[in-house]
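Below is one structure; the comments refer to it alone.
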Amino acid sequence: MLLALLSILFPLPDGNCASLSSDSSAIMVGEYKTAKQETLVEFSKMRVNPLAKVSDFIFSPDYTRILLKPAPADTAKSPYYIYKIESNRCDRLSDNFSQSCPLFSPDGKKLAYVRDNNLIIKRLEYNTDIVVTTDGSATTFNGVCDRNFREAFGIESTMLWLPTSDYLLFTKGNQLFMYSIQYKWTKPVVMPDHDAAYITAVKPTQDPEQIAVMYLNKAQNVLRLAKVNINTFIAKNVYEYKEDKFIPPFAAKFVEFLDGTNNFVVARCEDDRKQLYLYGPNGNKLKQLTNGEIGVTSAYGYDAASKRLYYQTSDGINRYVCSVSADGSKPQTITPDTVSSLARFSADYKYFECTAKTLNTPTQISIFDVKGNKIRDLITLDDAPKFHRELRKTDNLNYYIVSPNSGSNGKYIMYVSDFESNRDDAFETAMCDNGYSVVVVKTRGTEGQGRDFAQGNYLNIFKAPAADYITVANDIISGGEASEFIIVGEKLNAGVAMSAILAEENPFNAAVVVSPVTDIRDYNPIVTQRVMKTEGATAAYSENSAVDNISKLNKKVLILHSENDAEIPLEQTKKLSEKLVESGIQFESQIFFNKDGSFTRGIANRYLINKILNFIK
């Protein structure tokens, strides 16, 4: 994915926007307010390397070039291409297939990218490469983050060009370096603390002599912001945020510097909800910008013209696009209805695009102005819902049920999944098509309902959310609605499903686990350090790992795993299978040989769905 392309429309500096044509064969340009569009480039008619279709694109900052990501049919030749608008010429970024994290320089004349975990700079005017690093390997990552870091923080790269386009900052593990194109040297940045375990943000400030670096300690309960002098390469701390348990990823990577004053805005949780706070250039707290019962869950950016910050809030169920003045006055909820995605703002912050979805309405991508008025609908992603969707609450736990319109037959699936994003899930649809009702619970450990709820799985990464699923299942059973309950989960959520089926007096008839995490000690160490703290051998790790508790199993289990799943190695299932055999416990399993994690992702594959249906019938 191209990091800057988050949605269907790409804002242009003249107030218009660009988008892919409906058949992905061209880039179209038009106004936000109308559907009228003109063709900017037709990919099959480009000079040199014409393409059939493109899946993603991004303009250079000077809008003279476009970085293209071809549709799968053409990616075998190269993952990325550079199209020059003036000459209608399209060139491969590199003849080496290994390319990731492309980043244009501010002047649009250079493009940094990672190849085989080494940092490369393409000089676009001369079509030449500058090799910045040569030590990249399976364990050394230059300019790009490793898989564990990406999963833990949602950050793929922390590269940053300086405004002059002559210097590039990049990370190598927990170290920061600066490269000079003119002088061809690479120099390390001297951080003020030895415990700079995770660099979570590298951002420009309003001072051309300073760069901001945000970093966490290994325990992830202390976040610091340091300012780097670009002449001396020395960093000095100006801000610190501590939590008893852990700093959430959003707060760990968000900082916005305001024009003129060089004041900066950060997210922190001083009461129960995350809010935005304004700090002075030297780290002195000036004021709290947002407040209330709804917490801030993400931020979009700052508009210097209106001096307003745009952000998203959540009450645990609904999410809204909001704004607030940089002086803390006039907070405003912009969208009247809940949104189910991050918004995408135009370059002048006059319009934004977002996806709206409620339980029983079609998903629509629409354009709004910043007063919340809908300008027009872009796309309706589905027809009217086929099934009945109902939101409920019990014991402070929100959950929704998706049931066949013909009504429930008493057979229920507890689907351990993301409460916010899975309302159009193929798995839910398939289960309802076959007469099952599907329940998804917003469990402890998820954002949106305050600090205690978000940190409710602390030291119990699987057991706490499993207990929430048991609570909801018992509530439904007590109402006389359910005669059968199956719990299903994938990857980390499969660990929750296993913990639930192993719990004493659980109400589930069977469990289906897909690419399960069965031993938390072998999972992503950054995530486990955050939630489980000390590494490895504590009682909490054992209590939350199915391999240590499998003798308690007295229900049916189906285990599914792809042989080449890079995220959750097959070793996790092997360990569990060995323990089951040693304990004399019968179970069902299937390994999908020569398949990677995409085969099981989302449990949407028809083969998997049929396998699960055959098991639970």
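Please note that chains go A, B, ... in the order of the structure tokens, that every chain numbers its residues from 1, and that ligands are numbered from 1 in the order shown.
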
> Per DSSP on the backbone, what are the strand (DSSP E) residues of region 19-215 of chain A, as a ChimeraX atom specification?
Replying inline: /A:19-20,26-30,37-42,54-59,65-70,81-84,89-92,100-104,110-115,118-123,128-131,160-161,167-172,175-180,186-188,198-204,210-215

>> Applying 10 Å and only C-alpha atoms, which residues near region 35-47 of chain A remain after dropping the ones on its own chain fewer than 5 positions away? List them as JSON, numbers by chain.
In response: {"A": [16, 17, 18, 19, 20, 21, 24, 25, 26, 27, 28, 29, 30, 52, 53, 54, 68, 70, 83, 84, 85, 87, 88, 89, 90, 91, 376, 377, 378]}

> Skipping near chain neighbours, those fewer than 5 positions away, what residues fall within 7 Å of Thr380 (chain A) using only C-alpha atoms, listed as number ranges by chain?
Replying inline: A: 362-365

> Hey, can you check how far CA of Asn237 (chain A) sits from CA of Leu278 (chain A)?
Replying inline: 16.6 Å

Give me the residues of region 466-543 of chain A that have any atom at most 12 Å from an atom of region 186-209 of chain A; for each, the nearest atom pair and the distance in Å, rounded to one decimal. Use only C-alpha atoms, sort by chain and number, and format it as a Markdown table.
| residue | atom | partner | partner_atom | distance |
| --- | --- | --- | --- | --- |
| A:Ile526 | CA | A:Tyr198 | CA | 9.2 |
| A:Gln529 | CA | A:Ala197 | CA | 11.5 |
| A:Arg530 | CA | A:Tyr198 | CA | 11.7 |

> Do you have the CA of Thr333 (chain A)-CA of Phe246 (chain A) distance handy?
Replying inline: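 These atoms are spaced 28.7 Å apart.
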
> With only C-alpha atoms as the atoms that count, which of A:Asn605, A:Gln182, A:Ser55, A:Asn217 lies nearest to Asp425 (chain A)?
Replying inline: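 For Asp425 (chain A), the nearest of the given residues is A:Asn605.
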
> From the list A:Ser105, A:Thr471, A:Thr290, A:Asn49, which residue is nearest Gln312 (chain A) when using only C-alpha atoms?
Replying inline: A:Thr290

>> I want to know what sits within 8 Å of Ser515 (chain A), based on only C-alpha atoms, with residues of the same chain fewer than 4 positions away left out; could you give that as a list in words?
In response: Glu490, Lys491, Ala494, Ile559, Leu560, His561, Ser562, Asp565, Ile568, Pro569, Leu570, Gln572, Thr573 and Thr600 of chain A

>> Nearest residue to Ser346 (chain A) out of A:Gly372, A:Thr361, A:Arg273, A:Tyr300, using only C-alpha atoms?
In response: A:Tyr300

> Near Asn229 (chain A), within 9 Å and counting only C-alpha atoms, which residues show up once chain neighbours fewer than 5 positions away are dropped, as a ChimeraX atom specification?
Replying inline: /A:209-211,234-236

>> When you look at Lys172 (chain A) with a cut-off of 6 Å (counting only C-alpha atoms), what residues show up, excluding the ones that are within fewer than 3 positions of it in the same chain? I need them as a list of chain:residue names.
In response: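 The contact residues come out as A:Phe141, A:Asn142, A:Gln175.
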
For the residues selected in the previous step, produce a file with all heavy atoms as a JSON list (two decimals), in the first residue's frame.
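In the end it all went to out11.json:
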[["chain", "number", "residue", "atom", "x", "y", "z"],
["A", 141, "PHE", "N", 16.89, -3.54, 9.68],
["A", 141, "PHE", "CA", 15.89, -2.84, 8.87],
["A", 141, "PHE", "C", 16.26, -1.36, 8.79],
["A", 141, "PHE", "O", 16.31, -0.67, 9.81],
["A", 141, "PHE", "CB", 14.51, -3.00, 9.48],
["A", 141, "PHE", "CG", 14.01, -4.43, 9.50],
["A", 141, "PHE", "CD1", 14.43, -5.30, 10.50],
["A", 141, "PHE", "CD2", 13.15, -4.88, 8.53],
["A", 141, "PHE", "CE1", 13.98, -6.61, 10.53],
["A", 141, "PHE", "CE2", 12.69, -6.19, 8.54],
["A", 141, "PHE", "CZ", 13.11, -7.06, 9.54],
["A", 142, "ASN", "N", 16.51, -0.89, 7.59],
["A", 142, "ASN", "CA", 16.84, 0.52, 7.37],
["A", 142, "ASN", "C", 15.65, 1.24, 6.76],
["A", 142, "ASN", "O", 15.19, 0.87, 5.67],
["A", 142, "ASN", "CB", 18.04, 0.64, 6.44],
["A", 142, "ASN", "CG", 19.33, 0.12, 7.04],
["A", 142, "ASN", "OD1", 19.93, 0.77, 7.88],
["A", 142, "ASN", "ND2", 19.75, -1.06, 6.60],
["A", 175, "GLN", "N", 17.51, 3.19, 16.62],
["A", 175, "GLN", "CA", 18.43, 4.30, 16.40],
["A", 175, "GLN", "C", 17.94, 5.16, 15.24],
["A", 175, "GLN", "O", 17.28, 4.68, 14.32],
["A", 175, "GLN", "CB", 19.84, 3.79, 16.09],
["A", 175, "GLN", "CG", 20.51, 3.05, 17.25],
["A", 175, "GLN", "CD", 21.91, 2.59, 16.88],
["A", 175, "GLN", "OE1", 22.07, 1.71, 16.04],
["A", 175, "GLN", "NE2", 22.90, 3.20, 17.49]]

>> Nearest residue to Tyr279 (chain A) out of A:Ala304, A:Thr261, A:Ile121, A:Tyr351, using only C-alpha atoms?
In response: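 Smallest separation from Tyr279 (chain A) among the options: A:Thr261.
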
> Could you pull the residues within 6 Å of region 454-464 of chain A, counting only C-alpha atoms, minus those fewer than 6 positions along the same chain, as a PyMOL selection string?
Replying inline: chain A and resi 444-447+496+499+531-532+540+544

Would you export the selected residues with all heavy atoms as a PDB file, in the first residue's frame, please?
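File produced: part_2.pdb:
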ATOM      1  N   ARG A 444     -13.138  -5.854  26.845  1.00  0.00           N
ATOM      2  CA  ARG A 444     -12.063  -5.137  27.525  1.00  0.00           C
ATOM      3  C   ARG A 444     -10.764  -5.293  26.731  1.00  0.00           C
ATOM      4  O   ARG A 444     -10.492  -6.336  26.145  1.00  0.00           O
ATOM      5  CB  ARG A 444     -11.869  -5.681  28.937  1.00  0.00           C
ATOM      6  CG  ARG A 444     -12.941  -5.246  29.924  1.00  0.00           C
ATOM      7  CD  ARG A 444     -12.795  -5.994  31.227  1.00  0.00           C
ATOM      8  NE  ARG A 444     -13.153  -7.405  31.075  1.00  0.00           N
ATOM      9  CZ  ARG A 444     -12.965  -8.324  32.021  1.00  0.00           C
ATOM     10  NH1 ARG A 444     -12.403  -7.982  33.175  1.00  0.00           N
ATOM     11  NH2 ARG A 444     -13.330  -9.567  31.822  1.00  0.00           N
ATOM     12  N   GLY A 445      -9.979  -4.215  26.726  1.00  0.00           N
ATOM     13  CA  GLY A 445      -8.759  -4.223  25.927  1.00  0.00           C
ATOM     14  C   GLY A 445      -8.906  -3.470  24.624  1.00  0.00           C
ATOM     15  O   GLY A 445      -7.940  -3.334  23.879  1.00  0.00           O
ATOM     16  N   THR A 446     -10.126  -2.961  24.333  1.00  0.00           N
ATOM     17  CA  THR A 446     -10.343  -2.195  23.113  1.00  0.00           C
ATOM     18  C   THR A 446     -10.612  -0.736  23.451  1.00  0.00           C
ATOM     19  O   THR A 446     -11.033  -0.396  24.556  1.00  0.00           O
ATOM     20  CB  THR A 446     -11.522  -2.768  22.306  1.00  0.00           C
ATOM     21  OG1 THR A 446     -12.689  -2.810  23.132  1.00  0.00           O
ATOM     22  CG2 THR A 446     -11.207  -4.167  21.833  1.00  0.00           C
ATOM     23  N   GLU A 447     -10.378   0.143  22.477  1.00  0.00           N
ATOM     24  CA  GLU A 447     -10.474   1.591  22.694  1.00  0.00           C
ATOM     25  C   GLU A 447     -11.926   2.059  22.690  1.00  0.00           C
ATOM     26  O   GLU A 447     -12.820   1.381  22.208  1.00  0.00           O
ATOM     27  CB  GLU A 447      -9.700   2.324  21.593  1.00  0.00           C
ATOM     28  CG  GLU A 447      -8.197   2.105  21.639  1.00  0.00           C
ATOM     29  CD  GLU A 447      -7.538   2.865  22.773  1.00  0.00           C
ATOM     30  OE1 GLU A 447      -8.170   3.784  23.329  1.00  0.00           O
ATOM     31  OE2 GLU A 447      -6.392   2.542  23.112  1.00  0.00           O
ATOM     32  N   VAL A 496      -8.154 -15.853  22.238  1.00  0.00           N
ATOM     33  CA  VAL A 496      -9.305 -15.543  23.086  1.00  0.00           C
ATOM     34  C   VAL A 496     -10.314 -16.685  23.032  1.00  0.00           C
ATOM     35  O   VAL A 496     -10.857 -17.116  24.061  1.00  0.00           O
ATOM     36  CB  VAL A 496      -9.962 -14.222  22.637  1.00  0.00           C
ATOM     37  CG1 VAL A 496     -11.231 -13.949  23.452  1.00  0.00           C
ATOM     38  CG2 VAL A 496      -8.982 -13.059  22.773  1.00  0.00           C
ATOM     39  N   SER A 499      -9.081 -19.571  25.075  1.00  0.00           N
ATOM     40  CA  SER A 499      -9.194 -19.278  26.499  1.00  0.00           C
ATOM     41  C   SER A 499     -10.639 -19.430  26.968  1.00  0.00           C
ATOM     42  O   SER A 499     -10.905 -19.910  28.075  1.00  0.00           O
ATOM     43  CB  SER A 499      -8.683 -17.857  26.784  1.00  0.00           C
ATOM     44  OG  SER A 499      -8.596 -17.606  28.164  1.00  0.00           O
ATOM     45  N   VAL A 531       1.255  -5.391  27.063  1.00  0.00           N
ATOM     46  CA  VAL A 531       0.079  -5.847  27.802  1.00  0.00           C
ATOM     47  C   VAL A 531       0.439  -6.811  28.930  1.00  0.00           C
ATOM     48  O   VAL A 531      -0.157  -6.785  29.997  1.00  0.00           O
ATOM     49  CB  VAL A 531      -0.935  -6.511  26.844  1.00  0.00           C
ATOM     50  CG1 VAL A 531      -2.174  -6.969  27.602  1.00  0.00           C
ATOM     51  CG2 VAL A 531      -1.325  -5.544  25.736  1.00  0.00           C
ATOM     52  N   MET A 532       1.457  -7.668  28.680  1.00  0.00           N
ATOM     53  CA  MET A 532       1.783  -8.715  29.653  1.00  0.00           C
ATOM     54  C   MET A 532       3.002  -8.379  30.503  1.00  0.00           C
ATOM     55  O   MET A 532       3.327  -9.091  31.450  1.00  0.00           O
ATOM     56  CB  MET A 532       2.022 -10.046  28.928  1.00  0.00           C
ATOM     57  CG  MET A 532       0.837 -10.512  28.096  1.00  0.00           C
ATOM     58  SD  MET A 532      -0.624 -10.885  29.084  1.00  0.00           S
ATOM     59  CE  MET A 532      -0.107 -12.402  29.853  1.00  0.00           C
ATOM     60  N   ALA A 540       1.157 -15.185  34.496  1.00  0.00           N
ATOM     61  CA  ALA A 540       0.169 -14.622  33.567  1.00  0.00           C
ATOM     62  C   ALA A 540       0.338 -15.187  32.160  1.00  0.00           C
ATOM     63  O   ALA A 540      -0.646 -15.462  31.465  1.00  0.00           O
ATOM     64  CB  ALA A 540       0.285 -13.099  33.546  1.00  0.00           C
ATOM     65  N   ASN A 544      -2.609 -17.561  30.244  1.00  0.00           N
ATOM     66  CA  ASN A 544      -3.217 -17.092  29.010  1.00  0.00           C
ATOM     67  C   ASN A 544      -2.810 -17.902  27.781  1.00  0.00           C
ATOM     68  O   ASN A 544      -3.198 -17.557  26.661  1.00  0.00           O
ATOM     69  CB  ASN A 544      -2.876 -15.620  28.786  1.00  0.00           C
ATOM     70  CG  ASN A 544      -3.689 -14.693  29.671  1.00  0.00           C
ATOM     71  OD1 ASN A 544      -4.746 -14.227  29.280  1.00  0.00           O
ATOM     72  ND2 ASN A 544      -3.180 -14.427  30.874  1.00  0.00           N
TER      73      ASN A 544
END

> Taking only C-alpha atoms into account, which of A:Tyr167, A:Gly479, A:Phe427, A:Tyr523 comes nearest Tyr607 (chain A)?
Replying inline: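 Using only C-alpha atoms, the shortest distance to Tyr607 (chain A) belongs to A:Phe427.
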